Amino acid sequence: MFLAASLFSISCTKESRELLYANQEEKIESFVSKQLSANPDTRVVHNGGATRVVTVEGEGMELTARGKVSIYYAGYNFSSGSVSSSTLFATNSRDFASSAGWKLTDESVFEVLEMDLTDKDILRGLRDGLEGVREGEECYILFSGKYAFGKSKIGTIPANSPLAFR
């Protein structure tokens, strides 16, 4: 009896998590639609579990899955379906930090971040979203909690939260 109850509980939890991820994907698609409506030159790329909304085209070779990239970024908890200063959780951009009202005394946080896409510690959604970017490209990379931290709470980010990077 206990085993049957446990299996039912696990099944319901998995189903509710999958429903949560599906709702997050709908919010992502809504955000993408708004971006496309606001700027018809916007381009959308789907790769794995990530959606990349290109707002400024880059040049040169596309970043490969085994490549390295240097970026400035802003990370947002996308649970509300929006990207705003109130949902910013991390950045290495002085401009984004300032616009969010962050007062930082350690200037070293504003250094460019160098990433190797083969690093297993990179979130799957971010890795999928970065693959294919070109030098100088500006974009949003969005993905559900399934491709972020999953069931783990990390700092101020609740478990299963969708994320957006800019």
# chains A, B, ... in the order shown; residues from 1 in each chain; ligands from 1
call {"tool": "residues_around", "arguments": {"residues": "Phe96 in chain A", "least_positions_apart": "3", "cutoff": "10 Å", "atoms": "only C-alpha atoms", "output": "PDB file with N, CA, C and O atoms, in the first residue's frame"}}
result
ATOM      1  N   TYR A  72      29.178  39.940 -21.718  1.00  0.00           N
ATOM      2  CA  TYR A  72      28.541  40.678 -20.637  1.00  0.00           C
ATOM      3  C   TYR A  72      27.112  40.154 -20.610  1.00  0.00           C
ATOM      4  O   TYR A  72      26.527  39.895 -21.668  1.00  0.00           O
ATOM      5  N   TYR A  73      26.556  39.986 -19.435  1.00  0.00           N
ATOM      6  CA  TYR A  73      25.229  39.381 -19.347  1.00  0.00           C
ATOM      7  C   TYR A  73      24.425  39.997 -18.210  1.00  0.00           C
ATOM      8  O   TYR A  73      24.961  40.642 -17.309  1.00  0.00           O
ATOM      9  N   ALA A  74      23.137  39.758 -18.275  1.00  0.00           N
ATOM     10  CA  ALA A  74      22.224  40.039 -17.170  1.00  0.00           C
ATOM     11  C   ALA A  74      21.306  38.831 -17.069  1.00  0.00           C
ATOM     12  O   ALA A  74      20.725  38.402 -18.063  1.00  0.00           O
ATOM     13  N   GLY A  75      21.193  38.253 -15.874  1.00  0.00           N
ATOM     14  CA  GLY A  75      20.351  37.081 -15.653  1.00  0.00           C
ATOM     15  C   GLY A  75      19.091  37.470 -14.896  1.00  0.00           C
ATOM     16  O   GLY A  75      19.152  38.213 -13.918  1.00  0.00           O
ATOM     17  N   SER A  84      12.865  42.497 -16.173  1.00  0.00           N
ATOM     18  CA  SER A  84      12.871  43.850 -15.605  1.00  0.00           C
ATOM     19  C   SER A  84      13.913  43.946 -14.503  1.00  0.00           C
ATOM     20  O   SER A  84      14.431  42.921 -14.039  1.00  0.00           O
ATOM     21  N   SER A  85      14.192  45.161 -14.080  1.00  0.00           N
ATOM     22  CA  SER A  85      15.193  45.349 -13.035  1.00  0.00           C
ATOM     23  C   SER A  85      14.792  44.641 -11.740  1.00  0.00           C
ATOM     24  O   SER A  85      15.648  44.235 -10.960  1.00  0.00           O
ATOM     25  N   LEU A  88      16.069  40.918 -11.938  1.00  0.00           N
ATOM     26  CA  LEU A  88      17.499  40.716 -12.179  1.00  0.00           C
ATOM     27  C   LEU A  88      18.126  40.018 -10.974  1.00  0.00           C
ATOM     28  O   LEU A  88      17.950  40.447  -9.840  1.00  0.00           O
ATOM     29  N   ALA A  90      21.559  38.492 -11.401  1.00  0.00           N
ATOM     30  CA  ALA A  90      23.013  38.525 -11.576  1.00  0.00           C
ATOM     31  C   ALA A  90      23.357  39.296 -12.839  1.00  0.00           C
ATOM     32  O   ALA A  90      22.605  39.255 -13.823  1.00  0.00           O
ATOM     33  N   THR A  91      24.489  39.981 -12.806  1.00  0.00           N
ATOM     34  CA  THR A  91      24.976  40.663 -14.002  1.00  0.00           C
ATOM     35  C   THR A  91      26.451  40.992 -13.835  1.00  0.00           C
ATOM     36  O   THR A  91      26.941  41.119 -12.714  1.00  0.00           O
ATOM     37  N   ASN A  92      27.138  41.125 -14.953  1.00  0.00           N
ATOM     38  CA  ASN A  92      28.497  41.652 -14.941  1.00  0.00           C
ATOM     39  C   ASN A  92      28.546  42.938 -15.768  1.00  0.00           C
ATOM     40  O   ASN A  92      29.608  43.394 -16.154  1.00  0.00           O
ATOM     41  N   SER A  93      27.387  43.497 -16.032  1.00  0.00           N
ATOM     42  CA  SER A  93      27.265  44.740 -16.795  1.00  0.00           C
ATOM     43  C   SER A  93      26.970  45.907 -15.849  1.00  0.00           C
ATOM     44  O   SER A  93      25.962  45.904 -15.141  1.00  0.00           O
ATOM     45  N   SER A  99      20.938  50.357 -13.703  1.00  0.00           N
ATOM     46  CA  SER A  99      19.507  50.527 -13.992  1.00  0.00           C
ATOM     47  C   SER A  99      18.622  49.780 -12.994  1.00  0.00           C
ATOM     48  O   SER A  99      17.473  50.147 -12.783  1.00  0.00           O
ATOM     49  N   ALA A 100      19.177  48.730 -12.362  1.00  0.00           N
ATOM     50  CA  ALA A 100      18.425  47.993 -11.344  1.00  0.00           C
ATOM     51  C   ALA A 100      18.598  48.608  -9.955  1.00  0.00           C
ATOM     52  O   ALA A 100      18.012  48.130  -8.990  1.00  0.00           O
ATOM     53  N   GLY A 101      19.414  49.671  -9.871  1.00  0.00           N
ATOM     54  CA  GLY A 101      19.615  50.334  -8.592  1.00  0.00           C
ATOM     55  C   GLY A 101      20.599  49.621  -7.681  1.00  0.00           C
ATOM     56  O   GLY A 101      20.638  49.879  -6.486  1.00  0.00           O
ATOM     57  N   TRP A 102      21.393  48.731  -8.237  1.00  0.00           N
ATOM     58  CA  TRP A 102      22.377  48.013  -7.440  1.00  0.00           C
ATOM     59  C   TRP A 102      23.533  48.946  -7.097  1.00  0.00           C
ATOM     60  O   TRP A 102      24.060  49.639  -7.952  1.00  0.00           O
ATOM     61  N   ARG A 166      20.301  38.200 -20.929  1.00  0.00           N
ATOM     62  CA  ARG A 166      20.365  39.231 -21.960  1.00  0.00           C
ATOM     63  C   ARG A 166      21.799  39.620 -22.171  1.00  0.00           C
ATOM     64  O   ARG A 166      22.590  39.642 -21.263  1.00  0.00           O
TER      65      ARG A 166
END
call {"tool": "select_by_dssp", "arguments": {"residues": "range 3-165 of chain A", "states": "helix (DSSP H, G or I)", "output": "ChimeraX atom specification"}}
result
/A:3-38,85-87,94-99,107-110,124-130,145-147
call {"tool": "atom_distance", "arguments": {"atom1": "CA of Glu26 in chain A", "atom2": "CA of Glu131 in chain A"}}
result
22.5 Å
call {"tool": "residues_around", "arguments": {"residues": "Leu117 in chain A", "least_positions_apart": "3", "cutoff": "12 Å", "atoms": "only C-alpha atoms", "output": "VMD selection string"}}
result
chain A and resid 63 to 70 114 120 to 133
call {"tool": "closest_residue", "arguments": {"among": "A:Glu29, A:Ser108, A:Ile141, A:Ser82", "to": "Arg94 in chain A", "atoms": "only C-alpha atoms"}}
result
A:Ser108
call {"tool": "atom_distance", "arguments": {"atom1": "CA of Ser144 in chain A", "atom2": "CA of Glu111 in chain A"}}
result
27.3 Å
call {"tool": "closest_residue", "arguments": {"among": "A:Ser37, A:Val32, A:Asp95, A:Ala50", "to": "Tyr147 in chain A", "atoms": "only C-alpha atoms"}}
result
A:Ala50
call {"tool": "residues_around", "arguments": {"residues": "Gly136 in chain A", "least_positions_apart": "3", "cutoff": "8 Å", "atoms": "only C-alpha atoms", "output": "list in words"}}
result
Val56, Glu57, Gly58 and Glu59 of chain A
call {"tool": "write_last_selection", "arguments": {"atoms": "C-alpha atoms", "output": "PDB file, in the first residue's frame"}}
result
ATOM      1  CA  VAL A  56      21.120  43.050 -32.902  1.00  0.00           C
ATOM      2  CA  GLU A  57      22.823  40.849 -35.481  1.00  0.00           C
ATOM      3  CA  GLY A  58      26.463  39.898 -35.013  1.00  0.00           C
ATOM      4  CA  GLU A  59      29.156  39.081 -37.542  1.00  0.00           C
TER       5      GLU A  59
END
call {"tool": "select_by_dssp", "arguments": {"residues": "range 6-79 of chain A", "states": "strand (DSSP E or B)", "output": "list of chain:residue names"}}
result
A:Arg43, A:Val44, A:Val45, A:His46, A:Asn47, A:Ala50, A:Thr51, A:Arg52, A:Val53, A:Val54, A:Thr55, A:Val56, A:Glu59, A:Lys68, A:Val69, A:Ser70, A:Ile71, A:Ala74, A:Gly75, A:Tyr76, A:Asn77
call {"tool": "atom_distance", "arguments": {"atom1": "CA of Val54 in chain A", "atom2": "CA of Phe78 in chain A"}}
result
17.6 Å
call {"tool": "closest_residue", "arguments": {"among": "A:Ile28, A:Ala159, A:Val109, A:Ala148", "to": "Ser80 in chain A", "atoms": "only C-alpha atoms"}}
result
A:Ile28
call {"tool": "closest_residue", "arguments": {"among": "A:Ser79, A:Thr87, A:Thr156, A:Thr55", "to": "Tyr140 in chain A", "atoms": "only C-alpha atoms"}}
result
A:Thr55
call {"tool": "closest_residue", "arguments": {"among": "A:Ser98, A:Gln24, A:Asn77, A:Ser16", "to": "Gly49 in chain A", "atoms": "only C-alpha atoms"}}
result
A:Gln24
